[in-house]
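Enquirer: My structure is stored as query.csv, with CSV, C-alpha atoms and all ligand atoms.
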chain,number,residue,atom,x,y,z
A,1065,MET,CA,107.7,66.6,92.9
A,1066,ALA,CA,106.7,68.9,95.7
A,1067,GLU,CA,110.3,69.8,96.3
A,1068,ARG,CA,110.7,71.2,92.8
A,1069,VAL,CA,107.8,73.6,93.3
A,1070,PRO,CA,109.2,77.0,94.1
A,1071,VAL,CA,108.1,78.3,97.5
A,1072,VAL,CA,108.4,81.8,99.0
A,1073,THR,CA,107.9,81.7,102.7
A,1074,ILE,CA,106.8,84.8,104.6
A,1075,ASP,CA,106.9,84.5,108.4
A,1076,GLY,CA,106.6,87.0,111.1
A,1077,PRO,CA,104.6,88.1,114.2
A,1078,SER,CA,100.9,89.1,114.1
A,1079,GLY,CA,100.2,92.4,112.5
A,1080,SER,CA,103.5,92.6,110.6
A,1081,GLY,CA,101.5,92.7,107.3
A,1082,LYS,CA,102.4,89.2,106.2
A,1083,GLY,CA,98.9,88.4,105.0
A,1084,THR,CA,98.5,91.4,102.8
A,1085,VAL,CA,102.0,91.2,101.5
A,1086,ALA,CA,101.7,87.4,100.8
A,1087,ALA,CA,98.4,87.9,99.0
A,1088,GLU,CA,99.9,90.6,96.7
A,1089,VAL,CA,103.1,88.7,96.0
A,1090,ALA,CA,101.1,85.6,95.1
A,1091,ARG,CA,98.9,87.6,92.8
A,1092,ARG,CA,101.9,89.2,91.1
A,1093,LEU,CA,103.6,85.8,90.6
A,1094,GLY,CA,100.4,84.0,89.7
A,1095,TRP,CA,101.1,81.5,92.4
A,1096,ARG,CA,99.0,79.7,95.1
A,1097,ILE,CA,98.8,81.0,98.6
A,1098,LEU,CA,98.8,79.2,102.0
A,1099,ASP,CA,97.5,81.2,104.9
A,1100,SER,CA,98.7,78.7,107.6
A,1101,GLY,CA,97.4,80.9,110.4
A,1102,ALA,CA,93.8,80.3,109.1
A,1103,LEU,CA,94.4,76.5,109.8
A,1104,TYR,CA,95.4,77.2,113.4
A,1105,ARG,CA,92.5,79.6,113.8
A,1106,LEU,CA,90.1,76.9,112.5
A,1107,VAL,CA,91.4,74.4,115.0
A,1108,GLY,CA,91.0,76.8,117.8
A,1109,TYR,CA,87.5,77.8,116.7
A,1110,ALA,CA,86.4,74.2,116.2
A,1111,ALA,CA,87.7,73.2,119.6
A,1112,ARG,CA,85.9,76.1,121.4
A,1113,GLN,CA,82.7,75.3,119.5
A,1114,ALA,CA,83.0,71.6,120.7
A,1115,GLY,CA,83.5,72.8,124.3
A,1116,VAL,CA,87.0,71.3,124.4
A,1117,ASP,CA,89.6,72.6,126.8
A,1118,LEU,CA,92.2,74.4,124.6
A,1119,GLU,CA,95.0,72.9,126.8
A,1120,ASP,CA,93.8,69.3,126.3
A,1121,ALA,CA,96.4,68.3,123.8
A,1122,ALA,CA,94.9,64.9,122.8
A,1123,ALA,CA,91.4,66.3,122.3
A,1124,VAL,CA,92.5,69.4,120.3
A,1125,ALA,CA,94.8,67.2,118.2
A,1126,ALA,CA,91.9,64.9,117.4
A,1127,ILE,CA,90.0,68.0,116.2
A,1128,ALA,CA,92.9,69.1,114.1
A,1129,ARG,CA,93.1,65.7,112.4
A,1130,ASN,CA,89.4,65.6,111.5
A,1131,LEU,CA,88.6,69.2,110.6
A,1132,PRO,CA,85.6,69.3,108.3
A,1133,VAL,CA,86.9,72.3,106.5
A,1134,ARG,CA,86.1,73.5,102.9
A,1135,PHE,CA,87.6,76.5,101.2
A,1136,GLU,CA,85.4,77.9,98.5
A,1137,GLY,CA,86.8,80.9,96.7
A,1138,GLY,CA,87.6,83.3,99.5
A,1139,ARG,CA,85.1,81.7,101.9
A,1140,ILE,CA,85.8,79.1,104.6
A,1141,PHE,CA,83.3,76.6,105.9
A,1142,LEU,CA,83.5,74.3,108.9
A,1143,GLY,CA,80.9,71.7,108.3
A,1144,ASP,CA,77.8,73.7,107.2
A,1145,GLU,CA,78.8,76.8,109.1
A,1146,GLU,CA,80.6,79.7,107.3
A,1147,VAL,CA,83.4,80.9,109.5
A,1148,THR,CA,85.2,83.2,107.2
A,1149,ARG,CA,84.8,86.2,109.5
A,1150,ALA,CA,84.4,84.3,112.8
A,1151,ILE,CA,87.9,83.0,112.7
A,1152,ARG,CA,89.3,86.6,112.3
A,1153,THR,CA,88.4,87.9,115.7
A,1154,GLU,CA,91.0,88.6,118.4
A,1155,THR,CA,89.6,85.8,120.5
A,1156,ALA,CA,90.0,83.4,117.5
A,1157,GLY,CA,93.6,84.7,117.1
A,1158,ASN,CA,94.4,84.1,120.7
A,1159,ASP,CA,92.8,80.6,120.7
A,1160,ALA,CA,94.9,79.8,117.5
A,1161,SER,CA,98.0,80.9,119.3
A,1162,LYS,CA,97.2,78.5,122.2
A,1163,VAL,CA,96.4,75.4,120.2
A,1164,ALA,CA,99.4,76.2,118.0
A,1165,ALA,CA,101.7,75.5,121.0
A,1166,ILE,CA,100.5,71.8,121.0
A,1167,PRO,CA,103.1,69.7,119.2
A,1168,GLU,CA,100.5,67.1,118.1
A,1169,VAL,CA,98.4,69.8,116.5
A,1170,ARG,CA,101.4,71.1,114.5
A,1171,GLN,CA,102.1,67.6,113.5
A,1172,ALA,CA,98.5,67.1,112.3
A,1173,LEU,CA,98.7,70.1,110.1
A,1174,LEU,CA,102.2,69.5,108.7
A,1175,GLN,CA,101.5,67.4,105.6
A,1176,TRP,CA,98.4,69.3,104.9
A,1177,GLN,CA,100.4,72.5,104.6
A,1178,ARG,CA,103.1,70.8,102.5
A,1179,ASP,CA,100.4,69.6,100.0
A,1180,TYR,CA,99.7,73.2,99.1
A,1181,ALA,CA,103.0,73.3,97.2
A,1182,ARG,CA,101.8,72.7,93.6
A,1183,PRO,CA,103.0,74.3,90.4
A,1184,PRO,CA,103.6,76.9,89.4
A,1185,GLY,CA,104.6,77.9,92.9
A,1186,LEU,CA,103.4,78.7,96.4
A,1187,VAL,CA,103.6,81.8,98.7
A,1188,ALA,CA,103.3,80.4,102.3
A,1189,ASP,CA,102.5,82.8,105.1
A,1190,GLY,CA,102.9,81.9,108.8
A,1191,ARG,CA,105.3,81.6,111.7
A,1192,ASP,CA,107.3,78.5,110.8
A,1193,MET,CA,107.0,78.3,107.1
A,1194,GLY,CA,110.8,78.9,106.5
A,1195,THR,CA,112.0,77.0,109.6
A,1196,VAL,CA,109.8,73.8,109.7
A,1197,VAL,CA,107.2,73.4,107.0
A,1198,PHE,CA,109.3,74.4,103.9
A,1199,PRO,CA,113.0,74.4,105.1
A,1200,GLY,CA,114.2,74.0,101.5
A,1201,ALA,CA,112.3,77.1,100.2
A,1202,PRO,CA,114.5,79.1,97.9
A,1203,VAL,CA,113.1,82.5,99.1
A,1204,LYS,CA,112.5,83.1,102.8
A,1205,ILE,CA,111.3,86.4,104.2
A,1206,PHE,CA,110.9,87.3,107.9
A,1207,LEU,CA,108.6,90.4,108.2
A,1208,ASP,CA,108.8,92.3,111.4
A,1209,ALA,CA,107.5,95.6,112.8
A,1210,SER,CA,107.3,97.2,116.2
A,1211,ALA,CA,104.5,96.0,118.5
A,1212,GLU,CA,103.1,99.6,118.7
A,1213,GLU,CA,103.0,99.9,114.9
A,1214,ARG,CA,101.4,96.4,114.5
A,1215,ALA,CA,98.7,97.3,117.1
A,1216,ARG,CA,98.0,100.6,115.3
A,1217,ARG,CA,97.5,98.7,112.0
A,1218,ARG,CA,95.2,96.2,113.7
A,1219,HIS,CA,93.3,99.0,115.4
A,1220,LYS,CA,92.7,100.7,112.0
A,1221,GLN,CA,91.6,97.5,110.4
A,1222,LEU,CA,89.1,96.7,113.2
A,1223,LYS,CA,87.8,100.3,113.1
A,1224,GLU,CA,87.2,99.9,109.4
A,1225,GLN,CA,85.1,96.9,110.2
A,1226,GLY,CA,83.1,98.9,112.7
A,1227,ILE,CA,84.8,97.3,115.7
A,1228,ASP,CA,86.0,99.7,118.3
A,1229,VAL,CA,88.7,98.4,120.6
A,1230,ASN,CA,91.1,100.0,123.0
A,1231,LEU,CA,94.6,100.6,121.4
A,1232,SER,CA,96.7,100.0,124.6
A,1233,GLY,CA,94.7,96.8,125.2
A,1234,LEU,CA,95.7,95.7,121.6
A,1235,VAL,CA,99.4,96.4,122.2
A,1236,ALA,CA,99.2,94.3,125.4
A,1237,GLU,CA,97.4,91.4,123.6
A,1238,ILE,CA,99.9,91.5,120.7
A,1239,GLU,CA,102.8,91.4,123.1
A,1240,GLU,CA,101.3,88.5,124.9
A,1241,ARG,CA,100.6,86.6,121.7
A,1242,ASP,CA,104.2,87.3,120.4
A,1243,HIS,CA,105.6,86.1,123.7
A,1244,ARG,CA,103.7,82.8,123.4
A,1245,ASP,CA,104.6,82.3,119.8
A,1246,ARG,CA,108.3,83.1,120.2
A,1247,ASN,CA,108.8,81.0,123.4
A,1248,ARG,CA,106.9,77.8,122.7
A,1249,SER,CA,109.0,74.6,122.6
A,1250,VAL,CA,107.9,73.5,119.1
A,1251,ALA,CA,108.4,75.6,115.9
A,1252,PRO,CA,108.8,78.9,117.8
A,1253,LEU,CA,108.4,82.2,115.8
A,1254,LYS,CA,112.0,83.1,114.6
A,1255,PRO,CA,113.7,83.9,111.4
A,1256,ALA,CA,115.2,81.0,109.5
A,1257,GLY,CA,119.0,81.3,109.3
A,1258,ASP,CA,118.7,82.0,105.6
A,1259,ALA,CA,115.8,84.4,105.8
A,1260,LEU,CA,115.8,88.0,104.6
A,1261,VAL,CA,114.6,90.1,107.5
A,1262,ILE,CA,112.4,93.1,106.5
A,1263,ASP,CA,111.4,95.6,109.2
A,1264,SER,CA,108.1,97.1,107.8
A,1265,THR,CA,107.6,99.6,110.6
A,1266,ASP,CA,108.3,102.6,108.3
A,1267,LEU,CA,107.5,100.9,105.0
A,1268,THR,CA,104.3,100.9,102.9
A,1269,VAL,CA,102.8,97.6,101.8
A,1270,ASP,CA,103.9,98.4,98.2
A,1271,GLN,CA,107.5,98.9,99.4
A,1272,VAL,CA,107.5,95.6,101.2
A,1273,VAL,CA,106.0,93.8,98.2
A,1274,GLU,CA,108.7,95.3,96.0
A,1275,ARG,CA,111.5,94.1,98.3
A,1276,VAL,CA,110.1,90.6,98.4
A,1277,LEU,CA,109.8,90.5,94.6
A,1278,GLU,CA,113.3,91.9,94.3
A,1279,GLN,CA,114.5,88.9,96.3
A,1280,VAL,CA,112.4,86.5,94.2
A,1281,ARG,CA,113.9,88.1,91.0
A,1282,ARG,CA,117.4,87.6,92.4
A,1283,VAL,CA,117.0,84.0,93.3
A,1284,LEU,CA,114.4,82.8,90.8
A,1285,PRO,CA,114.8,85.1,87.8
A,1286,GLN,CA,112.3,83.2,85.7
A,1287,ALA,CA,109.5,83.4,88.2
A,1288,VAL,CA,108.5,87.0,88.1
A,1289,PRO,CA,106.3,87.8,85.0
A,1290,GLY,CA,107.4,90.7,82.9
A,1291,GLU,CA,105.9,94.0,84.2
D,1,LIG,O1,98.8,84.6,111.3
D,1,LIG,P1,97.6,84.5,112.3
D,1,LIG,O2,97.5,85.7,113.2
D,1,LIG,O3,96.4,84.2,111.5
D,1,LIG,O4,98.0,83.3,113.2
D,1,LIG,C1,97.2,83.0,114.3
D,1,LIG,C2,98.0,82.2,115.3
D,1,LIG,O5,98.3,80.9,114.8
D,1,LIG,C3,99.4,82.8,115.7
D,1,LIG,O6,99.3,83.6,116.9
D,1,LIG,C4,100.3,81.6,115.9
D,1,LIG,C5,99.6,80.5,115.2
D,1,LIG,N1,100.4,80.1,113.9
D,1,LIG,C6,101.5,79.3,114.1
D,1,LIG,O7,101.8,78.9,115.2
D,1,LIG,N2,102.1,78.8,113.0
D,1,LIG,C7,101.8,79.3,111.8
D,1,LIG,N3,102.5,78.8,110.7
D,1,LIG,C8,100.7,80.2,111.6
D,1,LIG,C9,100.1,80.6,112.7
I need this file expressed as structure tokens, please.
Ligand code: DC
Expert:
Amino acid sequence: MAERVPVVTIDGPSGSGKGTVAAEVARRLGWRILDSGALYRLVGYAARQAGVDLEDAAAVAAIARNLPVRFEGGRIFLGDEEVTRAIRTETAGNDASKVAAIPEVRQALLQWQRDYARPPGLVADGRDMGTVVFPGAPVKIFLDASAEERARRRHKQLKEQGIDVNLSGLVAEIEERDHRDRNRSVAPLKPAGDALVIDSTDLTVDQVVERVLEQVRRVLPQAVPGE
């Protein structure tokens, strides 16, 4: 059943615009969305809250297997605590990247992610959606952008939230996170062999969304509602 549900995977490094693009593509198609990064962020956050060493694979995997998470509309709860904003900090992103390198953690989240594929379709955003989680997806996108441009976008986003951080520090952090995500032994960040690679450095969000939808129209002509 799950295999017949059409899936569009959107992978790429942090700050490439995946989240925004995936949300808009899902809205235009009327499909569900999986923000897989949020799951890794939740594991990192829960581990830190529990005082667990983020390199203790067995302890972090146990947390991943028993995450008391609830999604309510756009809000996310861990037990009774609302963590919607707390998991979006740079620290939470870095913690997510660390726990994401643990094979048992990835295994614990695998089926959970696949269960998101329900009719009429799913847009899945992450690092290994096209390579590992949904290798049979008919449409795979790998969204990239230069580290400087990604840091600039993140800087602007944080500023809008009233958070002032140093831009060169952000570039360094993004490069460090990329390095860890691209070089880990399990499910490293890389384009699937059959992915369409889009470099968004000089493109607007609308232009990227249009390219993704063009690809969906080509492969799944029935999927895109008339506009
Ligand atoms: O997309 P994001 O920034 O919310 O992801 C946070 C971290 O989680 C990212 O640095 C690597 C990890 N991650 C992953 O390993 N696999 C995914 N499918 C999604 C995220």
Enquirer: Need to verify the contact set: Gly1290 (chain A), 12 Å, all atoms listed in the file, exclusion of same-chain residues closer than 3 positions in sequence. Can you return it as a compact mmCIF listing (two decimals) with C-alpha atoms, in the coordinates of the input?
Expert:
# COMPACT_ATOMS: atom_id res chain seq x y z
CA ARG A 1092 101.90 89.20 91.10
CA LEU A 1093 103.60 85.80 90.60
CA GLY A 1094 100.40 84.00 89.70
CA LEU A 1277 109.80 90.50 94.60
CA ARG A 1281 113.90 88.10 91.00
CA PRO A 1285 114.80 85.10 87.80
CA GLN A 1286 112.30 83.20 85.70
CA ALA A 1287 109.50 83.40 88.20
Enquirer: So, with only C-alpha atoms as the atoms that count, which of A:Gly1157, A:Pro1070, A:Pro1167, A:Gly1076 lies closest to Arg1191 (chain A)?
Expert: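 Selected residue with least distance to Arg1191 (chain A): A:Gly1076.
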Enquirer: At what distance in Å, to one decimal, does CA of Gln1279 (chain A) lie from CA of Gly1083 (chain A)?
Expert: 17.9 Å
Enquirer: Residues up to 8 Å from ligand LIG 1 (chain D), counting all atoms listed in the file: could you list those as a count of residues only?
Expert: 37
Enquirer: Just checking: using all atoms listed in the file, which residue out of A:Ile1166, A:Ile1262, A:Val1196, A:Ala1201 ends up closest to Leu1284 (chain A)?
Expert: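 The closest residue to Leu1284 (chain A) is A:Ala1201.
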Enquirer: Quick check, in Å to one decimal: how far apart do CA of Val1069 (chain A) and CA of Arg1182 (chain A) lie?
Expert: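 Separation between CA of Val1069 (chain A) and CA of Arg1182 (chain A): 6.1 Å.
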Enquirer: One decimal, in Å: what's the spacing between CA of Thr1153 (chain A) and CA of Lys1223 (chain A)?
Expert: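 These two atoms are separated by 12.7 Å.
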Enquirer: Taking 3 positions as the minimum chain separation for residues in the same chain, which residues sit within 12 Å of Arg1068 (chain A) when counting only C-alpha atoms? Answer as a VMD selection string.
Expert: chain A and resid 1065 1071 1181 to 1186 1198 1200 to 1202
